[in-house]
Amino acid sequence: MMIAKEENNIFLKQSNLKQNYAISTEKLNIYYGDHHVIKDVSLNIPEKVVFAIMGPSGCGKSTMLRAFNRLLELNEKAKVKGDIKVFGKSIYKMNPIKVRRIVGMVFQHPNPFPHMSIRDNVALGLKLNKLVKSKKEINERVEWALKKAALWEEVKNKLDEPASALSGGQQQRLCIARVVAMKPKVILMDEPTSNLDPISTKKIEELIDELKREVTIVIVTHSPAQAARVSDYVAFLYLGKLIEVGSTVDMFENPKEKLTEEYLTGRMG
Ligand code: ADP
Ligand code: MG
């Protein structure tokens, strides 16, 4: 396999310690029908870091990310082989609803319920899962989550206005607040800024940096520049294979694989 050599791969070294990772995959293979999309990916994602999965469009990033919280299985054509563990436990031995509560997801297109109020967008998951009881508790959690998502100051005086009144960047932070409100341990983000302007992008990147104190963030991006800005660790995926993985600084300064170097220097799409 074209993966980084064993002596240079801190992830393989770490795995000798039998540490629990936020997420780890073992020989993960994913197919849509006969189309083999993810090929033998074994990956360890440490806790409370920003971990980027980067690679060109179509290489399987979204597919792999959706497998991490069992959203992928909502697609009947998708078939997964191998194992995925969250904090050491196979997600296939857990209730999928519970998996998705521990591992939240933010999508490429901000998807709040547009006609629902800002407050209710954040509170909905809490109510559906009966995580908080009184109205007071709900309001406290909504405020807490909006602060974590760096949106509170902009919306505190209009919590009952519809989410559609917000800009695209604000809507994406609202979606982050909605996930944060559930107190997940891991947040998956699939190209969360690809539809946003540079200023909104910067706000979200700063917010990601804050969030990692408390949660593990796995961010998918097709942009090496974004991976370099936000992540502590990075995995380079190409045509469904894990080419290289390691600390972001190391990989950008000294890529070990030729394919990684070509990608980072813009010689690959
Ligand atoms: P990326 O997020 O890196 O752009 P994707 O995971 O979206 O890549 O896609 C990887 C491959 O899987 C592509 O060849 C794509 O056409 C295929 N694919 C993605 N989603 C589906 C689907 N729902 N059904 C069938 N094939 C899919
Ligand atoms: Mg994608």
# chains A, B, ... in the order shown; residues from 1 in each chain; ligands from 1

$ residues_near_ligand --ligand "ligand 2" --cutoff "12 Å" --atoms "only C-alpha atoms and all ligand atoms" --output "VMD selection string"
chain A and resid 53 to 66 107 to 109 189 to 192 194 219 to 223 237

$ select_by_dssp --residues "region 45-187 of chain A" --states "helix (DSSP H, G or I)" --output "JSON, numbers by chain"
{"A": [61, 62, 63, 64, 65, 66, 67, 68, 72, 73, 74, 91, 92, 93, 96, 97, 98, 99, 100, 101, 102, 118, 119, 120, 121, 122, 123, 124, 125, 126, 127, 128, 135, 136, 137, 138, 139, 140, 141, 142, 143, 144, 145, 146, 147, 148, 152, 153, 154, 155, 163, 164, 165, 168, 169, 170, 171, 172, 173, 174, 175, 176, 177, 178, 179, 180]}

$ closest_residue --among "A:Glu161, A:Glu26, A:Asp34, A:Glu137" --to "ligand 1" --atoms "only C-alpha atoms and all ligand atoms"
A:Asp34

$ residues_around --residues "Ala149 (chain A)" --least-positions-apart "5" --cutoff "9 Å" --atoms "only C-alpha atoms" --output "list in words"
Trp144, Arg173, Leu174, Cys175, Ile176, Ala177, Arg178, Val180, Ile204, Leu207, Ile208 and Leu211 of chain A

$ write_last_selection --atoms "N, CA, C and O atoms" --output "PDB file, in the first residue's frame"
ATOM      1  N   TRP A 144     -25.799  28.976  25.630  1.00  0.00           N
ATOM      2  CA  TRP A 144     -24.472  28.364  25.757  1.00  0.00           C
ATOM      3  C   TRP A 144     -23.950  27.921  24.384  1.00  0.00           C
ATOM      4  O   TRP A 144     -22.820  28.206  24.001  1.00  0.00           O
ATOM      5  N   ARG A 173     -23.007  28.913  11.221  1.00  0.00           N
ATOM      6  CA  ARG A 173     -22.687  28.912  12.654  1.00  0.00           C
ATOM      7  C   ARG A 173     -23.899  28.459  13.470  1.00  0.00           C
ATOM      8  O   ARG A 173     -23.758  27.833  14.515  1.00  0.00           O
ATOM      9  N   LEU A 174     -25.100  28.750  12.973  1.00  0.00           N
ATOM     10  CA  LEU A 174     -26.306  28.255  13.645  1.00  0.00           C
ATOM     11  C   LEU A 174     -26.339  26.716  13.589  1.00  0.00           C
ATOM     12  O   LEU A 174     -26.682  26.053  14.579  1.00  0.00           O
ATOM     13  N   CYS A 175     -25.963  26.170  12.450  1.00  0.00           N
ATOM     14  CA  CYS A 175     -25.922  24.703  12.332  1.00  0.00           C
ATOM     15  C   CYS A 175     -24.869  24.119  13.270  1.00  0.00           C
ATOM     16  O   CYS A 175     -25.065  23.038  13.843  1.00  0.00           O
ATOM     17  N   ILE A 176     -23.761  24.839  13.434  1.00  0.00           N
ATOM     18  CA  ILE A 176     -22.733  24.382  14.376  1.00  0.00           C
ATOM     19  C   ILE A 176     -23.294  24.452  15.803  1.00  0.00           C
ATOM     20  O   ILE A 176     -23.129  23.521  16.593  1.00  0.00           O
ATOM     21  N   ALA A 177     -24.032  25.535  16.115  1.00  0.00           N
ATOM     22  CA  ALA A 177     -24.638  25.657  17.455  1.00  0.00           C
ATOM     23  C   ALA A 177     -25.621  24.516  17.701  1.00  0.00           C
ATOM     24  O   ALA A 177     -25.682  23.955  18.804  1.00  0.00           O
ATOM     25  N   ARG A 178     -26.375  24.169  16.680  1.00  0.00           N
ATOM     26  CA  ARG A 178     -27.353  23.085  16.802  1.00  0.00           C
ATOM     27  C   ARG A 178     -26.666  21.769  17.168  1.00  0.00           C
ATOM     28  O   ARG A 178     -27.167  20.998  17.984  1.00  0.00           O
ATOM     29  N   VAL A 180     -23.499  21.566  18.526  1.00  0.00           N
ATOM     30  CA  VAL A 180     -22.814  21.767  19.807  1.00  0.00           C
ATOM     31  C   VAL A 180     -23.784  21.608  20.982  1.00  0.00           C
ATOM     32  O   VAL A 180     -23.426  21.078  22.034  1.00  0.00           O
ATOM     33  N   ILE A 204     -15.470  30.929  10.937  1.00  0.00           N
ATOM     34  CA  ILE A 204     -15.693  29.510  11.227  1.00  0.00           C
ATOM     35  C   ILE A 204     -14.369  28.809  11.540  1.00  0.00           C
ATOM     36  O   ILE A 204     -14.292  27.989  12.458  1.00  0.00           O
ATOM     37  N   LEU A 207     -13.526  29.616  15.036  1.00  0.00           N
ATOM     38  CA  LEU A 207     -14.431  28.894  15.920  1.00  0.00           C
ATOM     39  C   LEU A 207     -14.005  27.431  16.071  1.00  0.00           C
ATOM     40  O   LEU A 207     -14.049  26.866  17.171  1.00  0.00           O
ATOM     41  N   ILE A 208     -13.569  26.834  14.986  1.00  0.00           N
ATOM     42  CA  ILE A 208     -13.085  25.449  15.019  1.00  0.00           C
ATOM     43  C   ILE A 208     -11.913  25.348  15.992  1.00  0.00           C
ATOM     44  O   ILE A 208     -11.820  24.411  16.792  1.00  0.00           O
ATOM     45  N   LEU A 211     -13.306  25.342  19.487  1.00  0.00           N
ATOM     46  CA  LEU A 211     -14.071  24.141  19.826  1.00  0.00           C
ATOM     47  C   LEU A 211     -13.183  22.956  20.186  1.00  0.00           C
ATOM     48  O   LEU A 211     -13.555  22.112  20.988  1.00  0.00           O
TER      49      LEU A 211
END

$ closest_residue --among "A:Leu239, A:Ala123, A:Val215, A:Val41" --to "ligand 1" --atoms "only C-alpha atoms and all ligand atoms"
A:Leu239

$ closest_residue --among "A:Ala78, A:Val50, A:Ala22, A:Val234" --to "ligand 1" --atoms "only C-alpha atoms and all ligand atoms"
A:Ala78

$ select_by_dssp --residues "region 20-194 of chain A" --states "strand (DSSP E or B)" --output "PyMOL selection string"
chain A and resi 23-32+35-45+50-54+78-86+89-90+103-106+117+162+186-190

$ residues_around --residues "Val122 (chain A)" --least-positions-apart "5" --cutoff "10 Å" --atoms "only C-alpha atoms" --output "ChimeraX atom specification"
/A:112,116-117,127,138-139,141-143,145-146,174-182

$ residues_around --residues "Lys27 (chain A)" --least-positions-apart "5" --cutoff "9 Å" --atoms "only C-alpha atoms" --output "PyMOL selection string"
chain A and resi 39-43+81-84
